[in-house]
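Novice: File data18.cif follows (mmCIF, C-alpha atoms and all ligand atoms):
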```cif
data_model
#
loop_
_atom_site.label_atom_id
_atom_site.label_comp_id
_atom_site.auth_asym_id
_atom_site.auth_seq_id
_atom_site.Cartn_x
_atom_site.Cartn_y
_atom_site.Cartn_z
CA MET P 1 140.24 6.37 -80.49
CA ASN P 2 137.62 7.83 -78.16
CA ARG P 3 138.13 8.17 -74.43
CA ASN P 4 135.93 5.16 -73.53
CA ALA P 5 137.75 2.85 -75.92
CA GLU P 6 141.14 3.98 -74.66
CA ALA P 7 140.17 3.46 -71.00
CA TRP P 8 138.76 0.03 -71.88
CA GLY P 9 142.05 -0.95 -73.54
CA SER P 10 143.95 -0.06 -70.35
CA LEU P 11 141.53 -2.04 -68.19
CA VAL P 12 141.95 -5.13 -70.38
CA ALA P 13 145.75 -4.73 -70.17
CA ASN P 14 145.48 -4.61 -66.36
CA LEU P 15 143.32 -7.73 -66.28
CA ILE P 16 145.96 -9.55 -68.33
CA GLU P 17 148.68 -8.38 -65.96
CA GLN P 18 146.64 -9.53 -62.95
CA LYS P 19 146.15 -12.90 -64.72
CA ALA P 20 142.36 -12.56 -64.51
CA LEU P 21 142.57 -12.88 -68.32
CA ARG P 22 144.82 -15.71 -69.51
CA THR P 23 143.76 -17.35 -72.76
CA SER P 24 143.80 -15.64 -76.14
CA ARG P 25 140.16 -16.28 -77.07
CA VAL P 26 138.92 -14.85 -73.77
CA ILE P 27 141.28 -11.87 -74.06
CA ASN P 28 140.17 -11.14 -77.63
CA ALA P 29 136.49 -11.29 -76.70
CA MET P 30 137.08 -8.82 -73.84
CA ARG P 31 138.84 -6.46 -76.28
CA GLN P 32 136.21 -6.83 -79.00
CA VAL P 33 133.19 -6.41 -76.75
CA PRO P 34 133.71 -3.42 -74.42
CA ARG P 35 131.27 -3.01 -71.55
CA PHE P 36 130.42 0.64 -72.34
CA LEU P 37 128.48 -0.41 -75.47
CA PHE P 38 125.94 -2.20 -73.26
CA LEU P 39 125.46 0.32 -70.45
CA PRO P 40 122.68 2.83 -69.86
CA GLU P 41 123.86 6.37 -70.77
CA ARG P 42 124.40 7.50 -67.17
CA SER P 43 126.82 4.62 -66.41
CA VAL P 44 128.97 4.89 -69.54
CA GLU P 45 131.59 7.23 -68.06
CA TYR P 46 132.26 4.68 -65.27
CA SER P 47 132.49 1.74 -67.66
CA SER P 48 136.22 1.17 -67.32
CA ILE P 49 136.24 1.11 -63.53
CA ASP P 50 136.66 -2.53 -62.52
CA ALA P 51 133.45 -2.70 -60.45
CA PRO P 52 129.81 -3.70 -60.91
CA LEU P 53 127.60 -0.85 -62.19
CA PRO P 54 123.87 -0.18 -61.78
CA LEU P 55 121.54 -1.15 -64.63
CA GLY P 56 118.45 0.27 -62.93
CA LEU P 57 115.61 -1.86 -61.49
CA GLY P 58 117.90 -2.78 -58.58
CA GLN P 59 120.18 -4.89 -60.79
CA THR P 60 123.84 -4.55 -61.74
CA VAL P 61 126.19 -5.49 -64.56
CA SER P 62 129.16 -7.54 -63.30
CA ALA P 63 132.68 -6.15 -62.82
CA PRO P 64 135.02 -6.81 -65.78
CA HIS P 65 137.40 -8.95 -63.64
CA MET P 66 134.44 -11.17 -62.66
CA VAL P 67 133.38 -11.66 -66.29
CA ALA P 68 137.02 -12.39 -67.17
CA MET P 69 137.36 -14.90 -64.33
CA MET P 70 134.08 -16.67 -65.13
CA ASN P 71 134.84 -16.88 -68.86
CA GLU P 72 138.25 -18.42 -68.06
CA ALA P 73 136.73 -20.82 -65.49
CA LEU P 74 134.13 -22.02 -68.01
CA GLU P 75 136.83 -23.40 -70.37
CA LEU P 76 134.79 -22.19 -73.35
CA GLU P 77 135.44 -23.57 -76.84
CA VAL P 78 134.30 -22.61 -80.31
CA GLY P 79 131.05 -24.45 -81.09
CA HIS P 80 129.78 -24.67 -77.49
CA GLN P 81 126.08 -24.35 -76.68
CA VAL P 82 125.90 -22.14 -73.60
CA LEU P 83 123.10 -21.21 -71.20
CA GLU P 84 123.42 -18.05 -69.09
CA VAL P 85 121.00 -17.37 -66.23
CA GLY P 86 120.80 -13.60 -65.59
CA ALA P 87 121.09 -11.65 -68.87
CA GLY P 88 121.09 -8.19 -67.27
CA CYS P 89 122.18 -5.83 -70.08
CA GLY P 90 123.45 -8.70 -72.25
CA TRP P 91 127.15 -7.79 -72.03
CA HIS P 92 128.44 -11.00 -70.47
CA ALA P 93 126.43 -13.10 -72.93
CA ALA P 94 127.90 -11.11 -75.85
CA THR P 95 131.48 -11.75 -74.65
CA ILE P 96 130.70 -15.48 -74.62
CA GLY P 97 129.04 -15.26 -78.05
CA GLU P 98 132.30 -13.79 -79.36
CA ILE P 99 134.24 -16.78 -77.93
CA VAL P 100 131.98 -19.69 -78.94
CA ALA P 101 130.73 -18.25 -82.24
CA PRO P 102 133.44 -16.10 -83.83
CA LYS P 103 132.44 -14.45 -87.11
CA ASP P 104 135.49 -15.76 -88.97
CA ILE P 105 134.44 -19.43 -88.90
CA PRO P 106 131.65 -21.05 -90.95
CA ARG P 107 128.16 -20.63 -89.50
CA SER P 108 127.69 -24.40 -89.11
CA GLU P 109 130.66 -24.59 -86.70
CA ARG P 110 129.54 -21.72 -84.49
CA GLY P 111 128.11 -22.25 -81.03
CA HIS P 112 125.26 -20.29 -79.49
CA VAL P 113 124.40 -18.53 -76.24
CA TYR P 114 120.91 -18.64 -74.70
CA THR P 115 120.56 -16.08 -71.95
CA MET P 116 117.60 -15.87 -69.57
CA GLU P 117 116.34 -12.83 -67.68
CA VAL P 118 113.46 -12.76 -65.22
CA VAL P 119 112.92 -8.95 -65.25
CA SER P 120 111.06 -8.18 -68.45
CA ASP P 121 112.45 -4.63 -68.94
CA LEU P 122 116.00 -5.98 -68.61
CA ALA P 123 115.27 -8.82 -71.06
CA GLN P 124 114.14 -6.09 -73.47
CA LEU P 125 117.31 -4.01 -72.81
CA ALA P 126 119.52 -7.08 -73.33
CA ARG P 127 117.70 -7.96 -76.58
CA GLU P 128 118.11 -4.42 -77.94
CA ASN P 129 121.82 -4.35 -77.02
CA ILE P 130 122.43 -7.78 -78.56
CA MET P 131 120.74 -6.77 -81.82
CA ARG P 132 122.34 -3.30 -82.00
CA HIS P 133 125.87 -4.64 -81.60
CA GLY P 134 125.63 -7.48 -84.12
CA PHE P 135 125.15 -10.51 -81.83
CA GLY P 136 121.58 -11.34 -82.91
CA ASP P 137 122.59 -14.56 -84.69
CA ARG P 138 124.82 -15.78 -81.82
CA VAL P 139 122.93 -14.82 -78.66
CA THR P 140 119.22 -15.40 -77.92
CA VAL P 141 117.59 -13.58 -75.00
CA ILE P 142 114.74 -15.42 -73.26
CA HIS P 143 112.41 -13.76 -70.73
CA GLY P 144 111.71 -16.22 -67.93
CA ASP P 145 112.81 -17.95 -64.72
CA GLY P 146 116.30 -19.22 -65.46
CA SER P 147 116.43 -21.27 -62.25
CA LEU P 148 114.36 -23.73 -64.28
CA GLY P 149 116.83 -23.52 -67.16
CA HIS P 150 115.64 -23.71 -70.76
CA ALA P 151 114.92 -27.35 -71.54
CA ASP P 152 114.02 -26.66 -75.22
CA LYS P 153 117.64 -26.12 -76.27
CA SER P 154 119.29 -28.44 -73.72
CA PRO P 155 121.66 -30.11 -73.09
CA TYR P 156 124.34 -27.41 -72.87
CA ASN P 157 128.12 -27.73 -72.91
CA ARG P 158 128.39 -24.85 -70.47
CA ILE P 159 126.05 -23.13 -68.01
CA LEU P 160 126.76 -19.93 -66.09
CA VAL P 161 124.63 -18.28 -63.48
CA THR P 162 125.28 -14.58 -62.81
CA ALA P 163 123.11 -14.25 -59.68
CA ALA P 164 123.73 -15.98 -56.33
CA ALA P 165 121.70 -19.18 -55.79
CA PRO P 166 120.96 -20.97 -52.48
CA ASP P 167 122.29 -24.15 -54.13
CA VAL P 168 122.74 -25.59 -57.62
CA PRO P 169 119.24 -25.68 -59.18
CA PRO P 170 118.45 -29.34 -60.11
CA PRO P 171 117.06 -28.45 -63.59
CA LEU P 172 120.42 -26.89 -64.48
CA VAL P 173 122.26 -30.08 -63.51
CA LYS P 174 119.89 -32.06 -65.69
CA GLN P 175 120.38 -29.69 -68.65
CA LEU P 176 124.21 -29.85 -68.49
CA LYS P 177 125.89 -32.26 -70.94
CA SER P 178 128.25 -35.00 -69.82
CA ASP P 179 131.73 -33.49 -69.68
CA GLY P 180 129.98 -30.16 -69.14
CA VAL P 181 131.00 -27.33 -66.85
CA MET P 182 128.78 -25.00 -64.82
CA VAL P 183 129.96 -21.88 -62.98
CA ILE P 184 127.57 -20.55 -60.36
CA PRO P 185 127.76 -18.29 -57.28
CA ILE P 186 126.23 -20.04 -54.28
CA GLY P 187 125.41 -18.49 -50.92
CA ASN P 188 123.35 -16.06 -48.90
CA VAL P 189 121.39 -13.14 -50.26
CA HIS P 190 124.16 -10.56 -49.84
CA LEU P 191 127.26 -12.03 -48.19
CA PHE P 192 129.23 -15.24 -47.89
CA GLN P 193 128.86 -16.38 -51.47
CA SER P 194 131.37 -18.62 -53.25
CA LEU P 195 131.90 -19.06 -56.95
CA ILE P 196 131.50 -22.79 -57.56
CA ARG P 197 132.60 -24.76 -60.61
CA VAL P 198 130.58 -27.93 -61.14
CA ARG P 199 131.87 -30.59 -63.52
CA LYS P 200 129.66 -33.39 -64.83
CA ASP P 201 131.64 -36.47 -65.84
CA ALA P 202 130.82 -38.93 -68.62
CA LYS P 203 128.73 -41.02 -66.23
CA GLY P 204 126.80 -38.03 -64.91
CA GLY P 205 128.78 -37.79 -61.64
CA LEU P 206 129.32 -34.28 -60.24
CA THR P 207 132.37 -32.66 -58.67
CA ARG P 208 132.41 -29.21 -57.08
CA GLU P 209 135.32 -26.83 -56.76
CA ASN P 210 135.32 -23.55 -54.82
CA LEU P 211 136.89 -20.75 -56.88
CA GLY P 212 136.67 -18.12 -54.11
CA GLY P 213 134.46 -15.51 -52.47
CA VAL P 214 132.17 -13.31 -54.60
CA ALA P 215 129.25 -10.86 -54.26
CA PHE P 216 126.32 -11.18 -56.68
CA VAL P 217 122.69 -10.03 -56.61
CA PRO P 218 120.36 -12.88 -55.54
CA LEU P 219 118.90 -15.44 -57.92
CA VAL P 220 115.11 -15.39 -57.57
CA GLY P 221 112.51 -17.79 -58.99
CA ARG P 222 111.59 -21.41 -58.26
CA PHE P 223 115.11 -22.52 -57.20
CA GLY P 224 116.28 -19.06 -56.13
CA HIS P 225 116.10 -17.14 -52.86
CA ASN P 226 112.73 -16.21 -51.38
CA ILE P 227 113.05 -12.42 -51.24
N1 LIG Y 301 125.20 -11.01 -66.76
C1 LIG Y 301 124.61 -9.70 -66.57
C2 LIG Y 301 124.60 -9.20 -65.13
C3 LIG Y 301 123.76 -10.04 -64.28
S1 LIG Y 301 123.08 -9.33 -62.83
C4 LIG Y 301 125.21 -8.64 -67.49
O1 LIG Y 301 126.12 -8.94 -68.28
O2 LIG Y 301 124.72 -7.51 -67.44
C5 LIG Y 301 122.03 -10.69 -62.45
C6 LIG Y 301 120.76 -10.74 -63.26
O3 LIG Y 301 120.09 -11.95 -62.91
C7 LIG Y 301 119.77 -9.62 -62.94
O4 LIG Y 301 119.47 -8.92 -64.13
C8 LIG Y 301 118.55 -10.35 -62.40
O5 LIG Y 301 117.32 -9.75 -62.75
C9 LIG Y 301 118.69 -11.72 -63.03
N2 LIG Y 301 118.01 -12.84 -62.35
C10 LIG Y 301 117.84 -13.07 -61.03
N3 LIG Y 301 117.15 -14.22 -60.84
C11 LIG Y 301 116.87 -14.73 -62.09
C12 LIG Y 301 116.19 -15.89 -62.56
N4 LIG Y 301 115.62 -16.77 -61.73
N5 LIG Y 301 116.10 -16.08 -63.89
C13 LIG Y 301 116.68 -15.19 -64.77
N6 LIG Y 301 117.31 -14.09 -64.38
C14 LIG Y 301 117.42 -13.84 -63.06
#
```
Go through the file and emit its structure as structure tokens.
Ligand code: SAH
Specialist:
Amino acid sequence: MNRNAEAWGSLVANLIEQKALRTSRVINAMRQVPRFLFLPERSVEYSSIDAPLPLGLGQTVSAPHMVAMMNEALELEVGHQVLEVGAGCGWHAATIGEIVAPKDIPRSERGHVYTMEVVSDLAQLARENIMRHGFGDRVTVIHGDGSLGHADKSPYNRILVTAAAPDVPPPLVKQLKSDGVMVIPIGNVHLFQSLIRVRKDAKGGLTRENLGGVAFVPLVGRFGHNI
């Protein structure tokens, strides 16, 4: 086993011990889809440090514990249609692809991940990573303003936003299925953000739950921050 793979294995073991990772499907996806495969060359040696890392263009890939926590909070199931806002390098989307569309079940039962990225060079990086690592039939990268969602493939069982929004963008609420779950960081541009889980009930009613303090780069676009 190479050094990166070994270090990744230890990090996943720590996340299990810390209970950031709890359910077997989420644990397996974290094992199967190591972050170093998706990083620019200069960041690879830091891949197994549990912190965000630079992707270039002022953006970052999330810390492994944050991806673990969000994937657990989303209550993902095989077959789910998922929208991610903020593709970055495509790593988080690939971990979800592994959960909702495992290769060992028939194609017709697999879910799909649509991931949106507003920075065109990052959308390109995410697309290349997704193709190179065998997720092309489970994850679709879309270049555009994800604060508007992606109505074409809606409604979604699950929506996650990986950049901090001023509030829940109304188009995302509209594009979430009944009994759907959305996980989204809400707050100021750099500080005082909370990870919020929004549940939509069968009648379209919404409930919000605060999962704790977080630090994400800002969501831009129509329903993002004006920066
Ligand atoms: N999930 C990513 C990390 C996300 S960092 C990964 O696995 O690498 C947040 C990303 O959100 C950045 O790449 C940023 O460019 C993007 N972003 C910010 N506002 C956006 C918007 N309105 N629509 C789509 N992407 C956006």
Novice: I need the residue nearest Glu98 of chain P from this list: P:Leu39, P:Leu160, P:Ile130, P:Val173. Use only C-alpha atoms for the distance.
Specialist: P:Ile130
Novice: Would you please work out which residue, of P:Thr60, P:Gln124, P:Ser178, P:Ser154, is nearest to ligand LIG 301 (chain Y) when using all atoms listed in the file?
Specialist: P:Thr60
Novice: Restricting the calculation to all atoms listed in the file, which member of P:His143, P:His150, P:Arg107, P:His225 is positioned closest to Gly88 of chain P?
Specialist: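 Using all atoms listed in the file, Gly88 of chain P sits closest to P:His143.
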Novice: Please determine an axis-aligned box that encloses all atoms of ligand LIG 301 (chain Y) listed in the file, with 6 Å added on each side, and express its centre and edge lengths in Å to one decimal as lines of an AutoDock Vina configuration file.
Specialist:
```
center_x = 120.9
center_y = -12.1
center_z = -64.6
size_x = 22.5
size_y = 21.3
size_z = 19.4
```
Novice: Measuring between all atoms listed in the file, which one of P:His92, P:His112, P:Arg31, P:His190 shows the shortest distance to Ala126 of chain P?
Specialist: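 Nearest candidate to Ala126 of chain P out of P:His92, P:His112, P:Arg31, P:His190: P:His92.
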Novice: Per residue of chain P within 6 Å of ligand LIG 301 (chain Y), which atom pair is closest and at what distance in Å (one decimal), using all atoms listed in the file, listed by chain and increasing number, as a tab-separated table?
Specialist:
```
residue	atom	partner	partner_atom	distance
P:Gln59	CA	Y:LIG301	C7	5.2
P:Thr60	CA	Y:LIG301	S1	5.0
P:Val61	CA	Y:LIG301	O2	3.8
P:Ser62	CA	Y:LIG301	C2	5.2
P:Val85	CA	Y:LIG301	C13	5.1
P:Gly86	CA	Y:LIG301	O3	3.2
P:Ala87	CA	Y:LIG301	C1	4.6
P:Gly88	CA	Y:LIG301	O4	3.6
P:Cys89	CA	Y:LIG301	O2	4.0
P:Gly90	CA	Y:LIG301	O1	4.8
P:Trp91	CA	Y:LIG301	O1	4.1
P:His92	CA	Y:LIG301	O1	3.8
P:Met116	CA	Y:LIG301	C13	4.9
P:Glu117	CA	Y:LIG301	N6	3.7
P:Val118	CA	Y:LIG301	C13	4.1
P:Val119	CA	Y:LIG301	O5	5.1
P:Gly144	CA	Y:LIG301	N5	6.0
P:Asp145	CA	Y:LIG301	N5	3.9
P:Gly146	CA	Y:LIG301	N5	3.5
P:Ser147	CA	Y:LIG301	N4	4.6
P:Thr162	CA	Y:LIG301	C3	5.0
P:Ala163	CA	Y:LIG301	C5	4.6
P:Val217	CA	Y:LIG301	C5	5.9
P:Leu219	CA	Y:LIG301	N3	3.6
P:Val220	CA	Y:LIG301	N3	4.0
P:Gly221	CA	Y:LIG301	N4	4.3
```
